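K.L.:
Input protein.cif, format and content: mmCIF, C-alpha atoms.
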```cif
data_structure
#
loop_
_atom_site.label_atom_id
_atom_site.label_comp_id
_atom_site.auth_asym_id
_atom_site.auth_seq_id
_atom_site.Cartn_x
_atom_site.Cartn_y
_atom_site.Cartn_z
CA GLY A 1 -106.68 99.74 -73.17
CA ALA A 2 -104.98 96.52 -74.10
CA GLY A 3 -101.27 96.63 -74.67
CA VAL A 4 -99.07 94.36 -76.73
CA SER A 5 -99.55 90.76 -75.78
CA GLN A 6 -97.28 87.82 -76.45
CA SER A 7 -97.77 84.09 -76.13
CA PRO A 8 -96.63 81.84 -74.74
CA ARG A 9 -94.89 83.70 -71.92
CA TYR A 10 -92.55 80.79 -71.38
CA LYS A 11 -91.46 78.08 -73.78
CA VAL A 12 -89.12 75.18 -73.20
CA ALA A 13 -87.95 73.33 -76.28
CA LYS A 14 -85.60 70.48 -76.88
CA ARG A 15 -82.72 71.20 -79.21
CA GLY A 16 -83.84 70.61 -82.77
CA GLN A 17 -87.50 71.36 -82.19
CA ASP A 18 -89.37 74.09 -84.04
CA VAL A 19 -91.11 76.85 -82.06
CA ALA A 20 -93.62 79.57 -82.91
CA LEU A 21 -93.96 82.73 -80.87
CA ARG A 22 -97.01 84.94 -81.24
CA CYS A 23 -97.38 88.71 -80.94
CA ASP A 24 -100.66 90.62 -80.80
CA PRO A 25 -99.87 94.30 -81.32
CA ILE A 26 -101.98 97.23 -80.23
CA SER A 27 -104.92 97.68 -82.58
CA GLY A 28 -104.20 100.21 -85.29
CA HIS A 29 -100.44 100.06 -84.94
CA VAL A 30 -98.90 99.70 -88.38
CA SER A 31 -95.33 99.05 -87.29
CA LEU A 32 -94.24 95.87 -85.56
CA PHE A 33 -90.79 94.94 -84.35
CA TRP A 34 -89.19 91.79 -82.96
CA TYR A 35 -86.18 91.91 -80.64
CA GLN A 36 -84.07 89.24 -78.99
CA GLN A 37 -82.71 89.78 -75.49
CA ALA A 38 -80.03 87.48 -74.12
CA LEU A 39 -79.56 87.25 -70.37
CA GLY A 40 -77.92 90.39 -69.00
CA GLN A 41 -77.91 92.18 -72.36
CA GLY A 42 -79.99 94.87 -73.97
CA PRO A 43 -82.57 93.90 -76.59
CA GLU A 44 -81.26 93.39 -80.12
CA PHE A 45 -83.31 94.06 -83.22
CA LEU A 46 -84.43 91.11 -85.32
CA THR A 47 -86.99 92.30 -87.86
CA TYR A 48 -89.55 95.00 -88.70
CA PHE A 49 -92.95 95.01 -90.41
CA GLN A 50 -94.98 97.87 -91.74
CA ASN A 51 -98.47 96.43 -92.01
CA GLU A 52 -97.95 93.06 -93.72
CA ALA A 53 -94.69 94.00 -95.43
CA GLN A 54 -91.44 92.88 -93.85
CA LEU A 55 -89.25 95.88 -94.58
CA ASP A 56 -86.18 94.98 -92.55
CA LYS A 57 -84.99 91.54 -91.53
CA SER A 58 -81.35 92.41 -91.17
CA GLY A 59 -81.21 91.30 -87.55
CA LEU A 60 -82.38 87.74 -88.02
CA PRO A 61 -79.36 85.67 -86.95
CA SER A 62 -79.82 82.79 -89.37
CA ASP A 63 -82.16 81.29 -91.93
CA ARG A 64 -83.68 79.24 -89.12
CA PHE A 65 -85.49 82.39 -88.03
CA PHE A 66 -88.60 83.39 -89.93
CA ALA A 67 -91.25 86.02 -89.16
CA GLU A 68 -94.58 86.78 -90.75
CA ARG A 69 -97.49 89.16 -90.38
CA PRO A 70 -99.88 88.04 -93.14
CA GLU A 71 -102.84 90.31 -92.36
CA GLY A 72 -100.95 93.24 -90.95
CA SER A 73 -101.91 92.61 -87.34
CA VAL A 74 -100.81 89.46 -85.48
CA SER A 75 -97.24 88.38 -86.09
CA THR A 76 -95.49 85.07 -85.58
CA LEU A 77 -91.79 84.50 -85.10
CA LYS A 78 -90.79 80.98 -85.99
CA ILE A 79 -87.50 79.35 -85.11
CA GLN A 80 -86.67 76.09 -86.80
CA ARG A 81 -84.33 73.45 -85.41
CA THR A 82 -83.74 75.38 -82.21
CA GLN A 83 -80.23 75.54 -80.76
CA GLN A 84 -79.12 76.32 -77.22
CA GLU A 85 -77.86 79.73 -78.31
CA ASP A 86 -81.43 80.63 -79.26
CA SER A 87 -82.32 80.72 -75.55
CA ALA A 88 -83.38 84.29 -74.86
CA VAL A 89 -86.37 86.52 -74.27
CA TYR A 90 -88.11 87.46 -77.50
CA LEU A 91 -89.77 90.87 -77.34
CA CYS A 92 -92.38 92.26 -79.67
CA ALA A 93 -93.11 95.97 -79.99
CA SER A 94 -95.63 97.94 -82.00
CA SER A 95 -95.81 101.58 -82.96
CA PRO A 96 -98.61 103.80 -84.27
CA PRO A 97 -98.38 105.86 -87.48
CA GLU A 98 -95.61 108.41 -87.25
CA GLU A 99 -96.39 111.73 -85.65
CA ARG A 100 -94.68 114.99 -86.33
CA GLY A 101 -92.00 115.85 -83.80
CA GLY A 102 -90.28 112.52 -83.80
CA ASN A 103 -92.51 110.78 -81.29
CA ASN A 104 -92.51 107.23 -82.53
CA GLU A 105 -92.77 105.47 -79.21
CA GLN A 106 -92.56 101.72 -79.38
CA PHE A 107 -94.87 99.80 -77.06
CA PHE A 108 -93.37 96.54 -75.90
CA GLY A 109 -95.00 93.31 -74.88
CA PRO A 110 -93.84 91.29 -71.86
CA GLY A 111 -91.78 88.95 -74.01
CA THR A 112 -91.57 85.19 -74.45
CA ARG A 113 -88.78 83.48 -72.54
CA LEU A 114 -87.45 80.64 -74.67
CA THR A 115 -85.25 78.00 -73.10
CA VAL A 116 -83.66 75.42 -75.38
CA LEU A 117 -82.40 72.33 -73.62
CA ASP B 1 -77.46 105.92 -85.50
CA ALA B 2 -75.00 107.45 -83.04
CA LYS B 3 -73.47 105.38 -80.25
CA THR B 4 -74.23 106.18 -76.62
CA THR B 5 -72.20 105.66 -73.45
CA GLN B 6 -73.80 105.20 -70.04
CA PRO B 7 -72.49 104.19 -66.62
CA THR B 8 -73.10 100.54 -65.88
CA SER B 9 -74.85 101.10 -62.58
CA MET B 10 -76.01 103.76 -60.14
CA ASP B 11 -77.64 103.89 -56.73
CA CYS B 12 -80.17 106.42 -55.51
CA ALA B 13 -81.92 106.93 -52.19
CA GLU B 14 -85.68 106.70 -52.22
CA GLY B 15 -87.27 110.14 -52.47
CA ARG B 16 -84.18 111.77 -53.89
CA ALA B 17 -83.61 112.81 -57.48
CA ALA B 18 -81.95 110.27 -59.75
CA ASN B 19 -79.73 111.81 -62.43
CA LEU B 20 -78.74 109.40 -65.18
CA PRO B 21 -76.09 110.64 -67.63
CA CYS B 22 -75.59 109.67 -71.25
CA ASN B 23 -72.84 110.63 -73.67
CA HIS B 24 -73.61 110.78 -77.39
CA SER B 25 -70.75 112.83 -78.81
CA THR B 26 -71.30 111.67 -82.40
CA ILE B 27 -74.96 112.65 -82.54
CA SER B 28 -76.15 114.11 -85.81
CA GLY B 29 -78.35 117.16 -86.22
CA ASN B 30 -81.45 115.17 -87.10
CA GLU B 31 -81.08 112.55 -84.37
CA TYR B 32 -83.28 112.51 -81.30
CA VAL B 33 -82.36 111.31 -77.82
CA TYR B 34 -84.74 108.68 -76.46
CA TRP B 35 -84.89 107.10 -73.03
CA TYR B 36 -86.49 103.76 -72.27
CA ARG B 37 -86.42 101.72 -69.10
CA GLN B 38 -86.87 98.03 -68.42
CA ILE B 39 -88.13 96.81 -65.11
CA HIS B 40 -87.18 93.25 -64.26
CA SER B 41 -89.11 90.63 -66.27
CA GLN B 42 -90.99 93.26 -68.27
CA GLY B 43 -90.61 94.73 -71.74
CA PRO B 44 -88.92 98.12 -72.18
CA GLN B 45 -91.06 101.19 -71.52
CA TYR B 46 -90.75 104.56 -73.23
CA ILE B 47 -89.92 107.44 -70.87
CA ILE B 48 -89.16 110.57 -72.84
CA HIS B 49 -87.41 111.92 -75.92
CA GLY B 50 -85.99 115.22 -77.15
CA LEU B 51 -84.10 116.89 -79.96
CA LYS B 52 -82.36 119.92 -78.46
CA ASN B 53 -84.69 121.54 -75.97
CA ASN B 54 -85.17 120.26 -72.45
CA GLU B 55 -88.28 118.18 -72.06
CA THR B 56 -90.47 117.22 -69.12
CA ASN B 57 -93.38 114.85 -68.75
CA GLU B 58 -95.13 113.07 -65.92
CA MET B 59 -92.35 110.53 -65.60
CA ALA B 60 -89.11 112.46 -65.97
CA SER B 61 -87.15 115.42 -67.29
CA LEU B 62 -84.59 115.32 -70.05
CA ILE B 63 -81.76 117.84 -70.07
CA ILE B 64 -79.75 118.04 -73.29
CA THR B 65 -76.54 120.07 -73.38
CA GLU B 66 -76.31 122.93 -75.81
CA ASP B 67 -73.82 121.07 -78.03
CA ARG B 68 -76.12 117.98 -77.81
CA LYS B 69 -73.19 115.72 -77.04
CA SER B 70 -74.63 114.57 -73.76
CA SER B 71 -77.88 114.44 -71.84
CA THR B 72 -79.23 113.65 -68.40
CA LEU B 73 -82.44 111.91 -67.47
CA ILE B 74 -83.83 113.14 -64.18
CA LEU B 75 -86.31 111.23 -62.05
CA PRO B 76 -87.24 113.96 -59.56
CA HIS B 77 -88.39 111.80 -56.66
CA ALA B 78 -87.20 108.23 -57.14
CA THR B 79 -89.27 105.40 -55.69
CA LEU B 80 -88.46 101.74 -55.25
CA ARG B 81 -90.55 101.04 -58.36
CA ASP B 82 -88.08 103.08 -60.42
CA THR B 83 -85.44 100.37 -59.96
CA ALA B 84 -84.75 99.29 -63.53
CA VAL B 85 -82.29 99.32 -66.41
CA TYR B 86 -82.37 102.69 -68.18
CA TYR B 87 -81.42 102.87 -71.86
CA CYS B 88 -80.34 106.01 -73.69
CA ILE B 89 -80.88 105.68 -77.45
CA VAL B 90 -80.04 108.10 -80.24
CA ARG B 91 -81.89 107.79 -83.52
CA VAL B 92 -83.44 109.59 -86.42
CA SER B 93 -87.13 110.41 -86.22
CA GLY B 94 -89.56 108.01 -87.79
CA ASN B 95 -91.14 104.74 -86.82
CA THR B 96 -89.54 102.72 -89.58
CA GLY B 97 -86.30 102.23 -87.73
CA LYS B 98 -85.17 99.86 -85.08
CA LEU B 99 -84.09 100.84 -81.58
CA ILE B 100 -80.45 100.09 -80.87
CA PHE B 101 -80.11 99.34 -77.17
CA GLY B 102 -76.75 99.41 -75.44
CA GLN B 103 -76.09 97.93 -72.03
CA GLY B 104 -77.95 100.70 -70.23
CA THR B 105 -77.60 101.88 -66.64
CA THR B 106 -78.92 99.70 -63.85
CA LEU B 107 -80.50 102.07 -61.34
CA GLN B 108 -81.01 100.67 -57.87
CA VAL B 109 -83.28 102.80 -55.68
CA LYS B 110 -82.64 102.04 -52.04
CA PRO B 111 -84.93 102.68 -49.05
#
```
Hey, can you dump this file as structure tokens for me?

P.N.:
Amino acid sequence: GAGVSQSPRYKVAKRGQDVALRCDPISGHVSLFWYQQALGQGPEFLTYFQNEAQLDKSGLPSDRFFAERPEGSVSTLKIQRTQQEDSAVYLCASSPPEERGGNNEQFFGPGTRLTVL
Amino acid sequence: DAKTTQPTSMDCAEGRAANLPCNHSTISGNEYVYWYRQIHSQGPQYIIHGLKNNETNEMASLIITEDRKSSTLILPHATLRDTAVYYCIVRVSGNTGKLIFGQGTTLQVKP
């Protein structure tokens, strides 16, 4: 079946431009996560949705970062007035309803590579 | 969530077993050990998880010490396609929490 998809796969922006990154989670997955991965580093958590509710946004680095999931499926990560330090791969992951036994596997998309010039 | 420590890099010969260690000495009783891997230019992929018993699936085996302060991920017959960064993550059960990735171990499988 279809996995998590993200678009665009690559995005080049000039400093100061706004960008919007899209995530299509696996159908039926209630949980959705965004991560940021700088070159050579492990992914870092940005924000989490359960259905349409944004329950944790503690990882968003500044108020220029905004995420939404208005209908509880597709999510968009928006970055306003992009800076060079925003250059990274942005990963989206989704997870089905929790199962007993602790198996809450997160399924990751391929990521969007953002380059800010 | 408890912190984990992994070697930065490891090599393994193709066809041999790859044993990737992880230290998690501050793990709590309700925290699970998860392993993910990330092949170049792809998103992370779940491998296996466990609480205190050893676990095995079609991808790997997970050996957790009796005191739960360390674990080892075993790829029984490594192939070139297993070359990736392997992340050991300790966290409480539930899908409401984020994954905290460290630097991971870069495994290079060589022919």

K.L.:
Got a sec to resolve the PyMOL selection byres ((chain A) within 10 of (chain B)) on this structure and send the residues as an MDAnalysis selection string?

P.N.:
chainID A and resid 4 30:35 40:50 55:56 59 89:113

K.L.:
Atom CA of B:Met10 and atom CA of B:His77, how far apart in Å?

P.N.:
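Those two atoms sit 15.2 Å apart.
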
K.L.:
Expressed in Å to a single decimal, how great is the separation between atom CA of B:Ala17 and atom CA of B:Leu75?

P.N.:
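Taking atom CA of B:Ala17 as the start and atom CA of B:Leu75 as the end point, the length is 5.5 Å.
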
K.L.:
Atom CA of A:Glu52 and atom CA of A:Ala2, how far apart in Å?

P.N.:
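Those two atoms sit 21.1 Å apart.
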
K.L.:
Please evaluate the PyMOL selection byres ((chain A and resi 71) around 12) against the structure above and give the resulting residues as number ranges by chain.

P.N.:
A: 24, 30, 49-54, 68-70, 72-76

K.L.:
Using all atoms listed in the file, which residues sit within 12 Å of stretch 23-27 of chain B once same-chain residues fewer than 5 positions away are excluded, as a ChimeraX atom specification?

P.N.:
/B:1-7,32-34,51-52,64-73,87-92,102,104

K.L.:
Let me make sure I understand: among B:Thr8, B:Tyr86, B:Ser28, B:Arg16, which one has the smallest atom-to-atom distance to B:Pro111 if we use only C-alpha atoms?

P.N.:
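For B:Pro111, the nearest of the candidates is B:Arg16.
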
K.L.:
Every residue with an atom at most 12 Å from (-87.1, 119.5, -62.2) (file coordinates; all atoms listed in the file) is what I'm after, so could you write them as a VMD selection string?

P.N.:
chain B and resid 16 to 19 54 to 63 72 to 77

K.L.:
Would you kindly translate the PyMOL selection byres ((chain A and resi 13-20) around 10) into the concrete residues it picks from this file, as a ChimeraX atom specification?

P.N.:
/A:7-8,11-12,21-22,64-67,76-87,114-117

K.L.:
Show me, as a PyMOL selection string, the residues that have an atom within 7 Å of stretch 12-15 of chain B when counting only C-alpha atoms, minus same-chain residues fewer than 5 positions from it.

P.N.:
chain B and resi 77-80+108-111
